[in-house]
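Peer 1: Here you go, final_31.txt (compact mmCIF, C-alpha atoms):
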# COMPACT_ATOMS: atom_id res chain seq x y z
CA MET A 58 -189.26 -162.68 -131.69
CA LEU A 59 -189.98 -158.96 -131.47
CA ARG A 60 -193.70 -159.67 -131.64
CA TRP A 61 -193.34 -162.11 -128.69
CA ILE A 62 -191.59 -159.46 -126.57
CA PHE A 63 -194.27 -156.82 -127.31
CA CYS A 64 -196.97 -159.34 -126.47
CA CYS A 65 -195.37 -160.18 -123.08
CA VAL A 66 -194.84 -156.51 -122.23
CA GLY A 67 -198.45 -155.74 -123.17
CA VAL A 68 -199.78 -158.55 -120.96
CA LEU A 69 -197.64 -157.36 -118.04
CA LEU A 70 -198.83 -153.77 -118.42
CA PHE A 71 -202.45 -154.82 -118.70
CA SER A 72 -202.32 -157.06 -115.62
CA SER A 73 -200.51 -154.45 -113.53
CA CYS A 74 -203.11 -151.78 -114.38
CA ALA A 75 -206.01 -154.10 -113.62
CA GLY A 76 -204.65 -154.95 -110.19
CA SER A 77 -203.94 -151.39 -109.10
CA ARG A 78 -207.57 -150.45 -108.38
CA GLN A 79 -208.06 -149.91 -104.67
CA THR A 80 -211.30 -150.63 -102.90
CA ALA A 81 -211.46 -147.64 -100.60
CA GLU A 82 -214.17 -147.68 -97.96
CA ASN A 83 -217.00 -145.39 -98.97
CA PRO A 84 -217.66 -142.97 -96.07
CA GLU A 85 -221.30 -142.64 -97.19
CA LEU A 86 -221.87 -146.33 -96.39
CA GLN A 87 -220.08 -146.49 -93.02
CA PRO A 88 -222.93 -145.02 -90.86
CA TRP A 89 -225.24 -147.83 -92.01
CA VAL A 90 -222.92 -150.69 -91.01
CA GLY A 91 -223.94 -152.60 -87.90
CA ILE A 92 -226.65 -154.73 -86.34
CA TRP A 93 -229.99 -152.94 -85.96
CA GLN A 94 -232.86 -154.28 -83.87
CA GLY A 95 -236.36 -153.06 -83.00
CA MET A 96 -240.11 -153.60 -83.21
CA ALA A 97 -241.91 -153.54 -86.56
CA ILE A 98 -245.44 -152.21 -86.36
CA PRO A 99 -247.83 -153.06 -89.20
CA GLU A 100 -250.23 -150.19 -89.87
CA SER A 101 -252.64 -151.59 -92.40
CA ARG A 102 -253.45 -154.90 -90.70
CA HIS A 103 -254.17 -156.43 -87.32
CA ASP A 104 -250.86 -158.31 -87.03
CA GLN A 105 -248.95 -158.08 -83.77
CA PRO A 106 -245.71 -156.03 -83.61
CA ARG A 107 -242.64 -158.18 -84.25
CA GLN A 108 -238.97 -157.93 -83.42
CA TRP A 109 -236.78 -157.56 -86.52
CA GLN A 110 -233.02 -157.56 -86.83
CA LEU A 111 -231.05 -156.10 -89.74
CA THR A 112 -227.36 -156.82 -90.20
CA LEU A 113 -225.52 -154.51 -92.62
CA SER A 114 -221.87 -154.97 -93.52
CA LEU A 115 -219.35 -153.86 -96.11
CA LYS A 116 -217.83 -156.41 -98.44
CA LYS A 117 -215.44 -155.31 -101.18
CA GLY A 118 -216.60 -151.72 -100.72
CA ARG A 119 -220.28 -152.59 -101.17
CA LEU A 120 -223.09 -152.64 -98.62
CA GLN A 121 -224.83 -155.97 -98.10
CA GLY A 122 -227.33 -157.16 -95.56
CA LEU A 123 -229.43 -159.86 -93.94
CA MET A 124 -232.71 -159.56 -92.09
CA SER A 125 -234.34 -161.87 -89.54
CA ASP A 126 -237.28 -161.81 -87.14
CA ASP A 127 -238.26 -163.24 -83.77
CA LEU A 128 -240.56 -165.89 -85.32
CA GLY A 129 -237.89 -167.27 -87.64
CA GLU A 130 -239.92 -166.60 -90.80
CA MET A 131 -237.25 -164.49 -92.46
CA ARG A 132 -234.49 -167.01 -91.71
CA ARG A 133 -231.73 -164.42 -92.20
CA GLU A 134 -233.01 -163.40 -95.65
CA LYS A 135 -230.56 -161.66 -97.94
CA LEU A 136 -231.57 -158.13 -98.92
CA GLN A 137 -232.33 -157.49 -102.59
CA ASP A 138 -231.84 -154.30 -104.64
CA LEU A 139 -229.88 -152.69 -101.79
CA LYS A 140 -228.93 -149.09 -102.61
CA ILE A 141 -228.67 -145.61 -101.15
CA LEU A 142 -230.69 -142.88 -102.88
CA ASP A 143 -230.72 -139.28 -101.60
CA GLY A 144 -229.43 -140.31 -98.16
CA GLU A 145 -232.00 -143.11 -97.76
CA LEU A 146 -231.34 -146.83 -97.76
CA HIS A 147 -233.67 -148.78 -100.07
CA PHE A 148 -234.04 -152.55 -100.25
CA ARG A 149 -236.48 -155.35 -100.96
CA LEU A 150 -237.07 -158.60 -99.17
CA SER A 151 -239.20 -161.60 -100.11
CA TYR A 152 -239.87 -164.82 -98.22
CA GLU A 153 -242.55 -167.35 -97.35
CA THR A 154 -244.43 -166.74 -94.10
CA ALA A 155 -245.39 -169.35 -91.49
CA ARG A 156 -248.90 -169.27 -93.02
CA GLY A 157 -247.45 -170.38 -96.36
CA LEU A 158 -248.01 -167.00 -98.02
CA HIS A 159 -245.42 -165.19 -100.14
CA ARG A 160 -244.45 -161.85 -98.59
CA ILE A 161 -242.71 -159.08 -100.51
CA CYS A 162 -241.58 -156.00 -98.58
CA SER A 163 -239.92 -152.82 -99.81
CA HIS A 164 -238.13 -150.68 -97.23
CA ARG A 165 -237.19 -147.00 -97.30
CA VAL A 166 -234.85 -146.35 -94.37
CA THR A 167 -233.53 -143.08 -92.90
CA LEU A 168 -231.00 -142.55 -90.14
CA GLN A 169 -232.60 -140.60 -87.29
CA ASP A 170 -229.26 -140.28 -85.51
CA GLU A 171 -226.08 -142.36 -85.43
CA ASN A 172 -227.73 -145.17 -83.43
CA THR A 173 -231.38 -145.07 -84.59
CA LEU A 174 -232.99 -145.77 -87.93
CA LEU A 175 -236.58 -145.59 -89.14
CA SER A 176 -237.92 -147.75 -91.95
CA LEU A 177 -241.21 -147.20 -93.71
CA PHE A 178 -242.17 -150.43 -95.44
CA GLY A 179 -244.86 -151.59 -97.77
CA GLY A 180 -245.63 -154.59 -99.88
CA SER A 181 -247.93 -157.55 -100.01
CA GLU A 182 -248.53 -160.89 -98.35
CA GLY A 183 -250.53 -163.43 -100.29
CA GLY A 184 -251.86 -160.64 -102.50
CA ARG A 185 -253.03 -158.46 -99.58
CA GLU A 186 -251.36 -155.09 -99.14
CA LEU A 187 -249.32 -154.35 -96.06
CA SER A 188 -247.50 -151.31 -94.72
CA GLY A 189 -245.93 -150.16 -91.51
CA LYS A 190 -242.89 -148.75 -89.83
CA TRP A 191 -239.91 -150.12 -88.03
CA GLU A 192 -237.72 -148.20 -85.63
CA ALA A 193 -234.45 -149.89 -84.75
CA LYS A 194 -231.48 -149.20 -82.52
CA ARG A 195 -227.90 -150.09 -83.30
CA MET A 196 -226.84 -153.04 -81.16
CA ILE A 197 -223.69 -152.46 -79.18
CA LEU A 198 -221.60 -155.60 -79.31
CA VAL A 199 -219.18 -156.13 -76.48
CA PRO A 200 -215.95 -157.68 -77.75
CA LYS A 201 -215.32 -161.16 -76.40
CA THR A 202 -212.43 -161.26 -73.97
CA LYS A 203 -210.16 -164.20 -73.48
CA PRO A 204 -210.61 -165.95 -70.16
CA GLN A 205 -207.95 -165.11 -67.61
CA ASN A 206 -205.65 -167.96 -66.62
CA PRO A 207 -205.48 -168.23 -62.83
CA GLU A 208 -201.93 -168.51 -61.65
Let me see the file written as structure tokens.

Peer 2:
Amino acid sequence: MLRWIFCCVGVLLFSSCAGSRQTAENPELQPWVGIWQGMAIPESRHDQPRQWQLTLSLKKGRLQGLMSDDLGEMRREKLQDLKILDGELHFRLSYETARGLHRICSHRVTLQDENTLLSLFGGSEGGRELSGKWEAKRMILVPKTKPQNPE
């Protein structure tokens, strides 16, 4: 009987300690959160500049993101290996282009100010190297208001 009581008390203590961890918002991540949009300019090829959009959010205290483009090739691709190193945001992205080629891009992003970021990217598309830069502005989203009821 005494063993049963110690076992129950131990389980209660263990479960109460495991649940007490708080997921505080990391202030280092907060400046990155938002929707960023701007033109990507390839430097090593003759491709046309393209509009890219990056959506960064916090979930359970961790930064996560999606990226899309104006041609629909990225299809809201999930960012891979997303991390902050020495004040820079690093991530990878891979997807199939409209030409049927596999594109892999690595981004190194810095905040220029609170509403502008600059990404230097490099990678390959179908085995050919690519590089370029992308400057984006934080999108200001106007909160939706409820329609007024005429009286």

Peer 1: Neighbours of Asp127 of chain A within 8 Å (all atoms listed in the file; same-chain residues fewer than 4 positions away dropped), as number ranges by chain?

Peer 2: A: 107-109

Peer 1: Rank nothing, just name the residue among A:Met96, A:Arg119, A:His159, A:Leu111 nearest to Pro84 of chain A, using only C-alpha atoms.

Peer 2: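 When distances to Pro84 of chain A are compared using only C-alpha atoms, the smallest one comes from A:Arg119.
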
Peer 1: Compile the contact shell of segment 168-175 of chain A as a list in words: residues with an atom at most 7 Å away, counting only C-alpha atoms, same-chain residues fewer than 5 positions apart removed.

Peer 2: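 Counting only the stated atoms, we get Pro88, Trp191, Glu192, Ala193, Lys194 and Arg195 of chain A.
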
Peer 1: What gap, in Å, lies between atom CA of Gly122 of chain A and atom CA of Leu136 of chain A?

Peer 2: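 Distance reported for this atom pair: 5.5 Å.
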
Peer 1: Compare A:Asn83, A:Ile92, A:Gln137, A:Gly129 by their minimum atom-to-atom distance to Lys117 of chain A, counting all atoms listed in the file, and give me the closest one.

Peer 2: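 Under the stated criterion, the closest residue is A:Asn83.
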
Peer 1: When you count all atoms listed in the file, which of these residues is closest to Pro106 of chain A: A:Ile161, A:Lys190, A:Leu198, A:Val166?

Peer 2: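 Comparing A:Ile161, A:Lys190, A:Leu198, A:Val166 against Pro106 of chain A, the winner is A:Lys190.
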
Peer 1: One number please: atom CA of Leu113 of chain A to atom CA of Trp89 of chain A, in Å, one decimal.

Peer 2: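 Between atom CA of Leu113 of chain A and atom CA of Trp89 of chain A the gap is 6.7 Å.
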
Peer 1: Around (-236.5, -164.1, -100.0), as given in the file, which residues come within 6 Å? Count all atoms listed in the file and list them as a PyMOL selection string.

Peer 2: chain A and resi 134+150-152

Peer 1: What's around Leu146 of chain A at 8 Å? Count all atoms listed in the file, leave out sequence neighbours fewer than 5 positions away in its own chain, and write the answer as a VMD selection string.

Peer 2: chain A and resid 139 to 141 164 to 167

Peer 1: Tell me, in Å to one decimal, how far atom CA of His103 of chain A is from atom CA of Arg133 of chain A.

Peer 2: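 Taking atom CA of His103 of chain A as the start and atom CA of Arg133 of chain A as the end point, the length is 24.3 Å.
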
Peer 1: For Ala155 of chain A, which residue among A:Glu130, A:Gly183, A:Ile98, A:Asp138 is the nearest when counting only C-alpha atoms?

Peer 2: A:Glu130
